[in-house]
Amino acid sequence: MSAVVASESFLERAPLQLRDAVVAYFPEALQWLVHHLITITVILTVFGLFFAFTTIAERKLLGRLQNRLGPNRTGLPFFKNLRLFGLTQPFADAVKALTKEDIVPANADKLLHFLAPVVVVSFSLLGFAVLPYGRNLIPVELDAAVLYFFAAGAATELAIFMAGWASRNKYSLLAAMRALAQLISYELPLLLSVVPVIIVTSTLSTQDIVLAQGGWLFGFLPQWHVFTPWGLAGFLIFLVAALAETNRSPFDLPEAESELIAGHLTEYSGFKYALFFMAEYFGLTALCGLGITLFLGGWQAPFPFLEFIPSYLWFGMKLVAMIMFFIWLRGTLLRLRIDQLTRLAWQFMVPLALINLGNAGFWILTTDWSGPMQILRWGVSIALIVVPFFFIGRRLSLGRGPRTYSYATS
Amino acid sequence: MLGTGIIKGLATTAKNFVGSFHDPERMTTVEYPEQQIPLGEHYRNFPFLVSETAEDPMGTLRCVACQICEKECPPQCIYIVKSKDKKPDATGKQQLYPVIFDIDTSVCMSCGICAEVCPFDSIKMDKVFEIATTNRYTGLLLDREQLAKSNAYYNEIRPAEAAEVDGRLAVAREAAEQKAKAAAAAKAAAAPATPSPASAPSASAPQPSPAAS
């Protein structure tokens, strides 16, 4: 973690001081190891618990979005009448997953079948290493952190195909091929939506990107990238691409139950299935964390008078908000067809992301414009987003809608 | 414009989310074991045997062991053994009764054909669906003691249908009573006139036939 800035509040430095105090108990030669092990343990614990409570929050929220109650029964063992709003559900699920029989198909490639869930979890965890959680909290400070993040994230695609291939099941294989097509299609807009940020901040370090979004416009407005035209467009493209990258609804084609049973997860049971599930949520959390870092100001507070709240809590709040938004989307949208999915990526998102790249270039070239020219700068930048969106969007749905159904009235 | 549909959808689900906290009318589900939605009038699950009273279900079973239901049952889940002796049935007529009447509810498909074909209104469809047991053999194979439920219960779960059955049975019972009375009267009339047997049958014979039909 980065060097401590002395002029900061106690809460801001508390986690670091606690870690240093623990490290000091160990001999000099082992201190670097303990230092990193503590970081790893904290990340695994915090995001493991975060995953657990995301699953219950997702189920409860989805219920509410559909006028249901969601799970609210699970209490504690030995306390029959204590329900705790069902918040212990994830632990009951974990016990169930651990005690379930682990079935491996007779014809499966045993080694790959075993390796796939392990690989998918380990690669999805790698992304957490470079996210700045707070002003001083960043596990590994890399110069090319953004590049590292995407390199590590792309390896999960390999694991998904591994799972589909090793199961020796037609559903699994078809789903794995679909997943690859989807992930590769959406990797492009995802990367292209990130490039403008790198152009404007001219750094690949996540911590520097967050620092570049600091300071206040007119003394009270945050200067997050999402509040610029190119940043907003980039963020929206990033959101859609992140949804697709994490196989979440409405892009959850690889596990489309109605077509492919459970996709590449068909032949997995028990804890291996839980590992895939976990990896999906880890991937989602990490991508949300990156989105916050790149566009939503990272750990920065939204207003100057709220800066007394520690930066890592701001990061946490933004993360929860992002996850909730994704759950909201899941509760709203319908699954796309595979042709609609790829068309959206190649005919809509990639062109828009490329135009947005040019927009960011324009923004950089006009940094010295001031006064009325500043208004012109914003106007041109907004037009560069809205006009292509309108025209490409119209072309995308040309001759394809609105649909009429003989059996349903709209 | 592209994307307006998504925003409309998000607004709808957001409305659901907020509404679900303060508007119980919106909820599509209930918390089941504590709250139960009343079952429909014609809901049916598994058959039960109707007895006249709750106190002596075995003595007042309407079933006369005719075995029509056993023969009609498509999945063959009914098993009946007839009695050797006879006892009065719902209308007071001397009839056989089932010594064994078993229904294997793990086989039963709840078609209701048994209840439809029964000429004695003695087997009807129940509405109990909470039948989870710990043993799938003994727990789901119901004998006549478990199957017997009183007519009052039948009236409770299917008021309209039970009232119609009760009315029909009352008419039959009355007819049987009149027939018995007529027979007794005929016997009484015949008793003093024993010396002239030729006149007695001609007077009493036309009377029982309308009652019997």
# chains A, B, ... in the order shown; residues from 1 in each chain; ligands from 1
call {"tool": "select_by_dssp", "arguments": {"residues": "range 53-300 of chain A", "states": "alpha helix (DSSP H)", "output": "compact mmCIF listing (two decimals) with N, CA and C atoms, in the first residue's frame"}}
result
# COMPACT_ATOMS: atom_id res chain seq x y z
N PHE A 53 -23.41 -11.53 1.08
CA PHE A 53 -24.56 -10.66 1.30
C PHE A 53 -25.10 -10.09 0.00
N THR A 54 -24.27 -10.08 -1.06
CA THR A 54 -24.83 -9.70 -2.36
C THR A 54 -25.87 -10.70 -2.81
N THR A 55 -25.60 -12.01 -2.58
CA THR A 55 -26.57 -13.01 -3.04
C THR A 55 -27.91 -12.83 -2.33
N ILE A 56 -27.88 -12.60 -1.02
CA ILE A 56 -29.15 -12.45 -0.30
C ILE A 56 -29.81 -11.13 -0.68
N ALA A 57 -28.99 -10.08 -0.84
CA ALA A 57 -29.56 -8.78 -1.23
C ALA A 57 -30.19 -8.90 -2.61
N GLU A 58 -29.53 -9.62 -3.50
CA GLU A 58 -30.06 -9.79 -4.85
C GLU A 58 -31.41 -10.49 -4.80
N ARG A 59 -31.49 -11.56 -4.00
CA ARG A 59 -32.75 -12.31 -3.96
C ARG A 59 -33.85 -11.49 -3.33
N LYS A 60 -33.51 -10.73 -2.29
CA LYS A 60 -34.53 -9.92 -1.64
C LYS A 60 -34.98 -8.78 -2.55
N LEU A 61 -34.00 -8.14 -3.20
CA LEU A 61 -34.33 -7.01 -4.08
C LEU A 61 -35.15 -7.48 -5.28
N LEU A 62 -34.73 -8.59 -5.88
CA LEU A 62 -35.48 -9.11 -7.02
C LEU A 62 -36.91 -9.39 -6.61
N GLY A 63 -37.07 -9.93 -5.40
CA GLY A 63 -38.41 -10.20 -4.90
C GLY A 63 -39.22 -8.92 -4.84
N ARG A 64 -38.64 -7.90 -4.24
CA ARG A 64 -39.36 -6.63 -4.10
C ARG A 64 -39.68 -6.02 -5.46
N LEU A 65 -38.74 -6.14 -6.41
CA LEU A 65 -38.98 -5.57 -7.74
C LEU A 65 -40.12 -6.28 -8.45
N GLN A 89 -29.20 -16.56 5.30
CA GLN A 89 -29.40 -17.45 4.15
C GLN A 89 -28.10 -17.83 3.45
N PRO A 90 -27.18 -16.88 3.16
CA PRO A 90 -25.95 -17.28 2.46
C PRO A 90 -25.16 -18.35 3.19
N PHE A 91 -25.18 -18.32 4.53
CA PHE A 91 -24.41 -19.32 5.27
C PHE A 91 -25.08 -20.69 5.17
N ALA A 92 -26.41 -20.67 5.20
CA ALA A 92 -27.12 -21.93 4.98
C ALA A 92 -26.83 -22.47 3.59
N ASP A 93 -26.78 -21.57 2.61
CA ASP A 93 -26.46 -21.98 1.23
C ASP A 93 -25.06 -22.57 1.15
N ALA A 94 -24.12 -21.94 1.88
CA ALA A 94 -22.74 -22.43 1.85
C ALA A 94 -22.66 -23.83 2.42
N VAL A 95 -23.35 -24.06 3.55
CA VAL A 95 -23.34 -25.39 4.16
C VAL A 95 -23.93 -26.40 3.20
N LYS A 96 -25.01 -26.00 2.54
CA LYS A 96 -25.66 -26.90 1.60
C LYS A 96 -24.71 -27.24 0.45
N ALA A 97 -24.04 -26.22 -0.10
CA ALA A 97 -23.14 -26.45 -1.24
C ALA A 97 -21.99 -27.35 -0.84
N LEU A 98 -21.49 -27.17 0.39
CA LEU A 98 -20.33 -27.95 0.83
C LEU A 98 -20.69 -29.40 1.10
N THR A 99 -21.93 -29.64 1.56
CA THR A 99 -22.30 -31.01 1.91
C THR A 99 -22.94 -31.76 0.76
N LYS A 110 -11.36 -35.33 -16.34
CA LYS A 110 -11.41 -35.13 -14.88
C LYS A 110 -10.55 -33.96 -14.44
N LEU A 111 -9.37 -33.85 -15.00
CA LEU A 111 -8.45 -32.80 -14.55
C LEU A 111 -9.00 -31.42 -14.88
N LEU A 112 -9.41 -31.24 -16.16
CA LEU A 112 -9.92 -29.93 -16.56
C LEU A 112 -11.22 -29.61 -15.83
N HIS A 113 -12.03 -30.65 -15.63
CA HIS A 113 -13.30 -30.45 -14.95
C HIS A 113 -13.07 -29.94 -13.53
N PHE A 114 -12.00 -30.43 -12.91
CA PHE A 114 -11.68 -29.98 -11.57
C PHE A 114 -11.03 -28.60 -11.60
N LEU A 115 -10.20 -28.39 -12.63
CA LEU A 115 -9.39 -27.17 -12.69
C LEU A 115 -10.25 -25.93 -13.00
N ALA A 116 -11.28 -26.10 -13.84
CA ALA A 116 -12.03 -24.95 -14.33
C ALA A 116 -12.55 -24.04 -13.20
N PRO A 117 -13.27 -24.58 -12.19
CA PRO A 117 -13.76 -23.68 -11.14
C PRO A 117 -12.63 -23.02 -10.35
N VAL A 118 -11.53 -23.73 -10.17
CA VAL A 118 -10.40 -23.16 -9.43
C VAL A 118 -9.82 -21.99 -10.21
N VAL A 119 -9.63 -22.21 -11.51
CA VAL A 119 -9.04 -21.16 -12.34
C VAL A 119 -9.96 -19.95 -12.40
N VAL A 120 -11.25 -20.20 -12.56
CA VAL A 120 -12.17 -19.07 -12.73
C VAL A 120 -12.19 -18.22 -11.47
N VAL A 121 -12.15 -18.85 -10.30
CA VAL A 121 -12.17 -18.06 -9.06
C VAL A 121 -10.85 -17.31 -8.89
N SER A 122 -9.72 -18.01 -9.14
CA SER A 122 -8.45 -17.33 -8.88
C SER A 122 -8.25 -16.14 -9.81
N PHE A 123 -8.64 -16.29 -11.08
CA PHE A 123 -8.45 -15.17 -12.00
C PHE A 123 -9.41 -14.03 -11.68
N SER A 124 -10.63 -14.37 -11.25
CA SER A 124 -11.55 -13.28 -10.96
C SER A 124 -11.14 -12.53 -9.69
N LEU A 125 -10.34 -13.19 -8.85
CA LEU A 125 -9.87 -12.51 -7.64
C LEU A 125 -8.69 -11.58 -7.93
N LEU A 126 -7.95 -11.87 -9.01
CA LEU A 126 -6.74 -11.09 -9.30
C LEU A 126 -7.06 -9.60 -9.48
N ALA A 145 -1.80 -0.66 -14.02
CA ALA A 145 -2.84 -1.38 -13.28
C ALA A 145 -4.05 -1.71 -14.16
N VAL A 146 -4.48 -0.76 -15.00
CA VAL A 146 -5.67 -0.97 -15.81
C VAL A 146 -5.43 -2.11 -16.80
N LEU A 147 -4.22 -2.09 -17.38
CA LEU A 147 -3.85 -3.15 -18.32
C LEU A 147 -3.85 -4.50 -17.62
N TYR A 148 -3.25 -4.53 -16.41
CA TYR A 148 -3.20 -5.76 -15.62
C TYR A 148 -4.60 -6.27 -15.33
N PHE A 149 -5.50 -5.34 -14.95
CA PHE A 149 -6.86 -5.72 -14.60
C PHE A 149 -7.54 -6.46 -15.75
N PHE A 150 -7.41 -5.92 -16.96
CA PHE A 150 -8.10 -6.55 -18.09
C PHE A 150 -7.40 -7.84 -18.51
N ALA A 151 -6.09 -7.88 -18.36
CA ALA A 151 -5.38 -9.11 -18.70
C ALA A 151 -5.81 -10.25 -17.78
N ALA A 152 -5.93 -9.94 -16.49
CA ALA A 152 -6.35 -10.97 -15.54
C ALA A 152 -7.80 -11.35 -15.77
N GLY A 153 -8.64 -10.32 -16.05
CA GLY A 153 -10.06 -10.59 -16.24
C GLY A 153 -10.34 -11.44 -17.47
N ALA A 154 -9.53 -11.27 -18.51
CA ALA A 154 -9.78 -11.99 -19.76
C ALA A 154 -9.53 -13.49 -19.59
N ALA A 155 -8.72 -13.86 -18.59
CA ALA A 155 -8.40 -15.28 -18.42
C ALA A 155 -9.60 -16.10 -17.95
N THR A 156 -10.62 -15.44 -17.36
CA THR A 156 -11.78 -16.20 -16.91
C THR A 156 -12.53 -16.80 -18.10
N GLU A 157 -12.41 -16.16 -19.27
CA GLU A 157 -13.05 -16.72 -20.46
C GLU A 157 -12.49 -18.11 -20.76
N LEU A 158 -11.18 -18.22 -20.58
CA LEU A 158 -10.52 -19.51 -20.79
C LEU A 158 -11.12 -20.56 -19.85
N ALA A 159 -11.34 -20.17 -18.60
CA ALA A 159 -11.86 -21.12 -17.61
C ALA A 159 -13.26 -21.56 -17.97
N ILE A 160 -14.06 -20.61 -18.50
CA ILE A 160 -15.43 -20.97 -18.87
C ILE A 160 -15.41 -21.98 -20.01
N PHE A 161 -14.53 -21.76 -20.97
CA PHE A 161 -14.46 -22.72 -22.07
C PHE A 161 -13.92 -24.06 -21.57
N MET A 162 -12.99 -23.99 -20.63
CA MET A 162 -12.46 -25.20 -20.00
C MET A 162 -13.60 -26.01 -19.39
N ALA A 163 -14.48 -25.33 -18.66
CA ALA A 163 -15.59 -26.00 -18.01
C ALA A 163 -16.51 -26.64 -19.05
N GLY A 164 -16.80 -25.90 -20.11
CA GLY A 164 -17.71 -26.41 -21.13
C GLY A 164 -17.11 -27.59 -21.87
N TRP A 165 -15.82 -27.53 -22.17
CA TRP A 165 -15.15 -28.60 -22.91
C TRP A 165 -15.00 -29.84 -22.04
N ALA A 166 -14.57 -29.65 -20.79
CA ALA A 166 -14.26 -30.78 -19.92
C ALA A 166 -15.50 -31.56 -19.53
N LYS A 170 -23.14 -31.68 -24.53
CA LYS A 170 -23.40 -30.78 -25.66
C LYS A 170 -23.89 -29.42 -25.19
N TYR A 171 -24.72 -29.42 -24.17
CA TYR A 171 -25.21 -28.14 -23.66
C TYR A 171 -24.05 -27.30 -23.14
N SER A 172 -23.17 -27.97 -22.40
CA SER A 172 -22.04 -27.25 -21.82
C SER A 172 -21.17 -26.66 -22.91
N LEU A 173 -20.90 -27.48 -23.94
CA LEU A 173 -19.99 -27.02 -25.00
C LEU A 173 -20.62 -25.87 -25.77
N LEU A 174 -21.91 -26.02 -26.12
CA LEU A 174 -22.59 -24.94 -26.84
C LEU A 174 -22.57 -23.66 -26.03
N ALA A 175 -22.85 -23.80 -24.74
CA ALA A 175 -22.89 -22.62 -23.88
C ALA A 175 -21.51 -21.99 -23.78
N ALA A 176 -20.48 -22.84 -23.72
CA ALA A 176 -19.13 -22.29 -23.61
C ALA A 176 -18.76 -21.53 -24.87
N MET A 177 -19.20 -22.05 -26.03
CA MET A 177 -18.90 -21.34 -27.27
C MET A 177 -19.66 -20.02 -27.33
N ARG A 178 -20.90 -20.06 -26.87
CA ARG A 178 -21.67 -18.82 -26.79
C ARG A 178 -20.99 -17.82 -25.87
N ALA A 179 -20.53 -18.34 -24.73
CA ALA A 179 -19.90 -17.47 -23.75
C ALA A 179 -18.67 -16.82 -24.36
N LEU A 180 -17.89 -17.61 -25.10
CA LEU A 180 -16.69 -17.05 -25.71
C LEU A 180 -17.06 -15.97 -26.71
N ALA A 181 -18.06 -16.27 -27.56
CA ALA A 181 -18.48 -15.27 -28.56
C ALA A 181 -18.91 -13.99 -27.87
N GLN A 182 -19.65 -14.15 -26.78
CA GLN A 182 -20.16 -12.99 -26.07
C GLN A 182 -19.03 -12.21 -25.40
N LEU A 183 -18.15 -12.94 -24.72
CA LEU A 183 -17.10 -12.26 -23.96
C LEU A 183 -16.14 -11.54 -24.90
N ILE A 184 -15.82 -12.18 -26.02
CA ILE A 184 -14.89 -11.53 -26.96
C ILE A 184 -15.56 -10.33 -27.61
N SER A 185 -16.87 -10.47 -27.93
CA SER A 185 -17.59 -9.34 -28.53
C SER A 185 -17.59 -8.14 -27.60
N TYR A 186 -17.79 -8.38 -26.32
CA TYR A 186 -17.96 -7.26 -25.41
C TYR A 186 -16.66 -6.78 -24.78
N GLU A 187 -15.59 -7.58 -24.95
CA GLU A 187 -14.30 -7.13 -24.46
C GLU A 187 -13.90 -5.84 -25.18
N LEU A 188 -14.25 -5.78 -26.48
CA LEU A 188 -13.85 -4.63 -27.30
C LEU A 188 -14.49 -3.33 -26.81
N PRO A 189 -15.86 -3.25 -26.74
CA PRO A 189 -16.43 -1.99 -26.22
C PRO A 189 -16.00 -1.69 -24.79
N LEU A 190 -15.78 -2.74 -23.99
CA LEU A 190 -15.35 -2.51 -22.61
C LEU A 190 -14.01 -1.79 -22.60
N LEU A 191 -13.06 -2.30 -23.40
CA LEU A 191 -11.75 -1.67 -23.44
C LEU A 191 -11.82 -0.29 -24.07
N LEU A 192 -12.62 -0.19 -25.16
CA LEU A 192 -12.72 1.10 -25.84
C LEU A 192 -13.37 2.16 -24.96
N SER A 193 -14.24 1.74 -24.04
CA SER A 193 -14.88 2.72 -23.16
C SER A 193 -13.91 3.19 -22.09
N VAL A 194 -12.88 2.40 -21.83
CA VAL A 194 -11.91 2.75 -20.79
C VAL A 194 -10.81 3.65 -21.36
N VAL A 195 -10.50 3.46 -22.65
CA VAL A 195 -9.38 4.19 -23.26
C VAL A 195 -9.51 5.71 -23.11
N PRO A 196 -10.71 6.33 -23.31
CA PRO A 196 -10.78 7.79 -23.13
C PRO A 196 -10.26 8.26 -21.78
N VAL A 197 -10.57 7.48 -20.72
CA VAL A 197 -10.09 7.86 -19.39
C VAL A 197 -8.57 7.90 -19.38
N ILE A 198 -7.98 6.88 -20.02
CA ILE A 198 -6.52 6.80 -20.03
C ILE A 198 -5.94 7.93 -20.88
N ILE A 199 -6.62 8.27 -21.97
CA ILE A 199 -6.15 9.38 -22.80
C ILE A 199 -6.15 10.67 -22.00
N VAL A 200 -7.26 10.93 -21.30
CA VAL A 200 -7.40 12.21 -20.62
C VAL A 200 -6.48 12.30 -19.41
N THR A 201 -6.39 11.21 -18.62
CA THR A 201 -5.53 11.27 -17.44
C THR A 201 -4.08 10.93 -17.77
N THR A 206 -4.28 3.09 -11.43
CA THR A 206 -5.64 3.35 -10.93
C THR A 206 -5.64 4.45 -9.88
N GLN A 207 -4.62 4.45 -9.02
CA GLN A 207 -4.58 5.47 -7.97
C GLN A 207 -4.45 6.87 -8.59
N ASP A 208 -3.63 7.00 -9.62
CA ASP A 208 -3.47 8.31 -10.26
C ASP A 208 -4.75 8.73 -10.96
N ILE A 209 -5.49 7.76 -11.52
CA ILE A 209 -6.75 8.10 -12.18
C ILE A 209 -7.73 8.66 -11.16
N VAL A 210 -7.76 8.06 -9.97
CA VAL A 210 -8.66 8.57 -8.93
C VAL A 210 -8.22 9.97 -8.50
N LEU A 211 -6.92 10.14 -8.32
CA LEU A 211 -6.42 11.44 -7.89
C LEU A 211 -6.73 12.52 -8.93
N ALA A 212 -6.71 12.14 -10.22
CA ALA A 212 -7.01 13.10 -11.28
C ALA A 212 -8.45 13.58 -11.21
N PRO A 229 -19.07 14.98 -20.81
CA PRO A 229 -19.81 14.27 -21.87
C PRO A 229 -19.16 12.95 -22.26
N TRP A 230 -17.84 12.98 -22.50
CA TRP A 230 -17.18 11.73 -22.92
C TRP A 230 -17.18 10.71 -21.78
N GLY A 231 -17.12 11.23 -20.54
CA GLY A 231 -17.10 10.33 -19.38
C GLY A 231 -18.45 9.64 -19.21
N LEU A 232 -19.54 10.40 -19.38
CA LEU A 232 -20.87 9.82 -19.23
C LEU A 232 -21.09 8.74 -20.28
N ALA A 233 -20.74 9.08 -21.53
CA ALA A 233 -20.91 8.09 -22.61
C ALA A 233 -20.06 6.87 -22.33
N GLY A 234 -18.80 7.11 -21.92
CA GLY A 234 -17.90 6.00 -21.62
C GLY A 234 -18.45 5.15 -20.50
N PHE A 235 -19.01 5.80 -19.48
CA PHE A 235 -19.54 5.06 -18.33
C PHE A 235 -20.72 4.20 -18.74
N LEU A 236 -21.61 4.75 -19.58
CA LEU A 236 -22.77 3.97 -20.00
C LEU A 236 -22.33 2.76 -20.83
N ILE A 237 -21.38 2.99 -21.75
CA ILE A 237 -20.88 1.85 -22.54
C ILE A 237 -20.22 0.83 -21.62
N PHE A 238 -19.47 1.35 -20.65
CA PHE A 238 -18.80 0.47 -19.70
C PHE A 238 -19.83 -0.37 -18.94
N LEU A 239 -20.93 0.26 -18.52
CA LEU A 239 -21.97 -0.45 -17.77
C LEU A 239 -22.52 -1.62 -18.58
N VAL A 240 -22.90 -1.32 -19.84
CA VAL A 240 -23.50 -2.37 -20.67
C VAL A 240 -22.49 -3.48 -20.92
N ALA A 241 -21.25 -3.08 -21.24
CA ALA A 241 -20.23 -4.09 -21.52
C ALA A 241 -19.90 -4.90 -20.26
N ALA A 242 -19.93 -4.24 -19.10
CA ALA A 242 -19.64 -4.96 -17.86
C ALA A 242 -20.73 -5.98 -17.57
N LEU A 243 -21.99 -5.59 -17.84
CA LEU A 243 -23.11 -6.53 -17.69
C LEU A 243 -22.86 -7.78 -18.52
N ALA A 244 -22.43 -7.55 -19.79
CA ALA A 244 -22.22 -8.67 -20.69
C ALA A 244 -21.00 -9.48 -20.28
N GLU A 245 -19.97 -8.80 -19.82
CA GLU A 245 -18.73 -9.49 -19.44
C GLU A 245 -18.96 -10.40 -18.23
N GLU A 257 -31.51 -20.90 -19.25
CA GLU A 257 -32.11 -22.16 -18.80
C GLU A 257 -33.01 -22.79 -19.86
N SER A 258 -33.76 -21.93 -20.53
CA SER A 258 -34.75 -22.47 -21.45
C SER A 258 -34.11 -23.12 -22.66
N GLU A 259 -32.85 -22.78 -22.93
CA GLU A 259 -32.21 -23.35 -24.12
C GLU A 259 -31.10 -24.33 -23.76
N LEU A 260 -30.34 -24.01 -22.75
CA LEU A 260 -29.09 -24.76 -22.51
C LEU A 260 -29.01 -25.33 -21.10
N GLY A 270 -22.64 -29.10 -6.22
CA GLY A 270 -21.99 -28.89 -4.94
C GLY A 270 -21.08 -27.68 -4.92
N PHE A 271 -19.91 -27.85 -4.37
CA PHE A 271 -19.06 -26.70 -4.12
C PHE A 271 -18.45 -26.15 -5.41
N LYS A 272 -18.24 -27.01 -6.40
CA LYS A 272 -17.68 -26.51 -7.65
C LYS A 272 -18.65 -25.53 -8.30
N TYR A 273 -19.93 -25.86 -8.24
CA TYR A 273 -20.94 -24.94 -8.76
C TYR A 273 -20.89 -23.62 -7.99
N ALA A 274 -20.78 -23.76 -6.67
CA ALA A 274 -20.72 -22.55 -5.84
C ALA A 274 -19.51 -21.70 -6.20
N LEU A 275 -18.40 -22.35 -6.58
CA LEU A 275 -17.20 -21.59 -6.96
C LEU A 275 -17.46 -20.77 -8.22
N PHE A 276 -18.14 -21.36 -9.20
CA PHE A 276 -18.47 -20.61 -10.41
C PHE A 276 -19.34 -19.40 -10.07
N PHE A 277 -20.31 -19.66 -9.21
CA PHE A 277 -21.23 -18.63 -8.79
C PHE A 277 -20.46 -17.49 -8.12
N MET A 278 -19.53 -17.90 -7.25
CA MET A 278 -18.71 -16.96 -6.52
C MET A 278 -17.87 -16.13 -7.50
N ALA A 279 -17.28 -16.83 -8.49
CA ALA A 279 -16.41 -16.15 -9.45
C ALA A 279 -17.21 -15.10 -10.22
N GLU A 280 -18.47 -15.43 -10.55
CA GLU A 280 -19.29 -14.49 -11.28
C GLU A 280 -19.49 -13.20 -10.48
N TYR A 281 -19.75 -13.38 -9.18
CA TYR A 281 -19.98 -12.20 -8.35
C TYR A 281 -18.68 -11.46 -8.07
N PHE A 282 -17.57 -12.21 -7.93
CA PHE A 282 -16.28 -11.54 -7.76
C PHE A 282 -15.98 -10.69 -8.99
N GLY A 283 -16.22 -11.29 -10.17
CA GLY A 283 -15.97 -10.56 -11.41
C GLY A 283 -16.82 -9.31 -11.48
N LEU A 284 -18.09 -9.45 -11.10
CA LEU A 284 -19.00 -8.30 -11.12
C LEU A 284 -18.51 -7.22 -10.16
N THR A 285 -18.13 -7.64 -8.94
CA THR A 285 -17.69 -6.68 -7.94
C THR A 285 -16.43 -5.96 -8.41
N ALA A 286 -15.49 -6.74 -8.98
CA ALA A 286 -14.25 -6.14 -9.42
C ALA A 286 -14.50 -5.15 -10.55
N LEU A 287 -15.37 -5.52 -11.49
CA LEU A 287 -15.66 -4.61 -12.61
C LEU A 287 -16.37 -3.35 -12.11
N CYS A 288 -17.27 -3.52 -11.14
CA CYS A 288 -17.93 -2.36 -10.55
C CYS A 288 -16.89 -1.47 -9.89
N GLY A 289 -15.95 -2.11 -9.19
CA GLY A 289 -14.89 -1.35 -8.53
C GLY A 289 -14.07 -0.58 -9.55
N LEU A 290 -13.79 -1.20 -10.69
CA LEU A 290 -13.01 -0.51 -11.73
C LEU A 290 -13.83 0.64 -12.31
N GLY A 291 -15.13 0.38 -12.53
CA GLY A 291 -16.00 1.45 -13.04
C GLY A 291 -16.02 2.64 -12.11
N ILE A 292 -16.08 2.36 -10.80
CA ILE A 292 -16.06 3.45 -9.82
C ILE A 292 -14.74 4.20 -9.89
N THR A 293 -13.65 3.42 -9.99
CA THR A 293 -12.32 4.04 -10.03
C THR A 293 -12.16 4.93 -11.25
N LEU A 294 -12.63 4.45 -12.40
CA LEU A 294 -12.38 5.17 -13.65
C LEU A 294 -13.34 6.33 -13.85
N PHE A 295 -14.62 6.14 -13.46
CA PHE A 295 -15.61 7.15 -13.84
C PHE A 295 -16.26 7.86 -12.65
call {"tool": "interface_residues", "arguments": {"of": "chain B", "to": "chain A", "cutoff": "10 Å", "atoms": "only C-alpha atoms", "output": "list in words"}}
result
Met1, Leu2, Gly3, Gly5, Ile6, Ile7, Lys8, Gly9, Leu10, Ala11, Thr12, Thr13, Ala14, Lys15, Asn16, Phe17, Val18, Gly19, Ser20, Phe21, Asp23, Pro24, Glu25, Arg26, Met27, Thr28, Thr29, Val30 and Glu31 of chain B
call {"tool": "atom_distance", "arguments": {"atom1": "CA of Asn45 in chain B", "atom2": "CA of Glu130 in chain B"}}
result
10.1 Å
call {"tool": "atom_distance", "arguments": {"atom1": "CA of Ile385 in chain A", "atom2": "CA of Gln223 in chain A"}}
result
19.4 Å
call {"tool": "atom_distance", "arguments": {"atom1": "CA of Thr105 in chain B", "atom2": "CA of Thr138 in chain B"}}
result
10.4 Å
call {"tool": "residues_around", "arguments": {"residues": "Ser122 in chain B", "least_positions_apart": "5", "cutoff": "9 Å", "atoms": "only C-alpha atoms", "output": "PDB file with C-alpha atoms, in the first residue's frame"}}
result
ATOM      1  CA  PHE B  48     -61.922 -39.655   1.401  1.00  0.00           C
ATOM      2  CA  LEU B  49     -64.773 -41.860   2.658  1.00  0.00           C
ATOM      3  CA  VAL B  50     -67.890 -40.189   3.983  1.00  0.00           C
ATOM      4  CA  SER B  51     -69.350 -41.406   7.262  1.00  0.00           C
ATOM      5  CA  LEU B  61     -69.545 -45.473   6.558  1.00  0.00           C
ATOM      6  CA  ARG B  62     -71.691 -44.886   3.500  1.00  0.00           C
ATOM      7  CA  CYS B  63     -69.549 -47.257   1.472  1.00  0.00           C
ATOM      8  CA  VAL B  64     -71.218 -50.566   0.656  1.00  0.00           C
ATOM      9  CA  ALA B 115     -66.119 -39.850  -6.589  1.00  0.00           C
TER      10      ALA B 115
END
call {"tool": "residues_around", "arguments": {"residues": "Phe129 in chain B", "least_positions_apart": "4", "cutoff": "12 Å", "atoms": "only C-alpha atoms", "output": "PDB file with C-alpha atoms, in the first residue's frame"}}
result
ATOM      1  CA  LEU B  39     -58.955 -22.943  -1.760  1.00  0.00           C
ATOM      2  CA  TYR B  43     -60.327 -27.737  -5.666  1.00  0.00           C
ATOM      3  CA  ARG B  44     -59.716 -31.460  -5.185  1.00  0.00           C
ATOM      4  CA  ASN B  45     -56.800 -33.486  -4.015  1.00  0.00           C
ATOM      5  CA  PHE B  46     -57.223 -37.043  -2.688  1.00  0.00           C
ATOM      6  CA  PRO B  47     -60.395 -39.057  -2.025  1.00  0.00           C
ATOM      7  CA  THR B 105     -52.053 -41.776  -2.359  1.00  0.00           C
ATOM      8  CA  SER B 110     -56.456 -37.035  -8.114  1.00  0.00           C
ATOM      9  CA  MET B 125     -62.590 -35.638  -3.055  1.00  0.00           C
ATOM     10  CA  THR B 133     -44.789 -37.825   5.586  1.00  0.00           C
TER      11      THR B 133
END
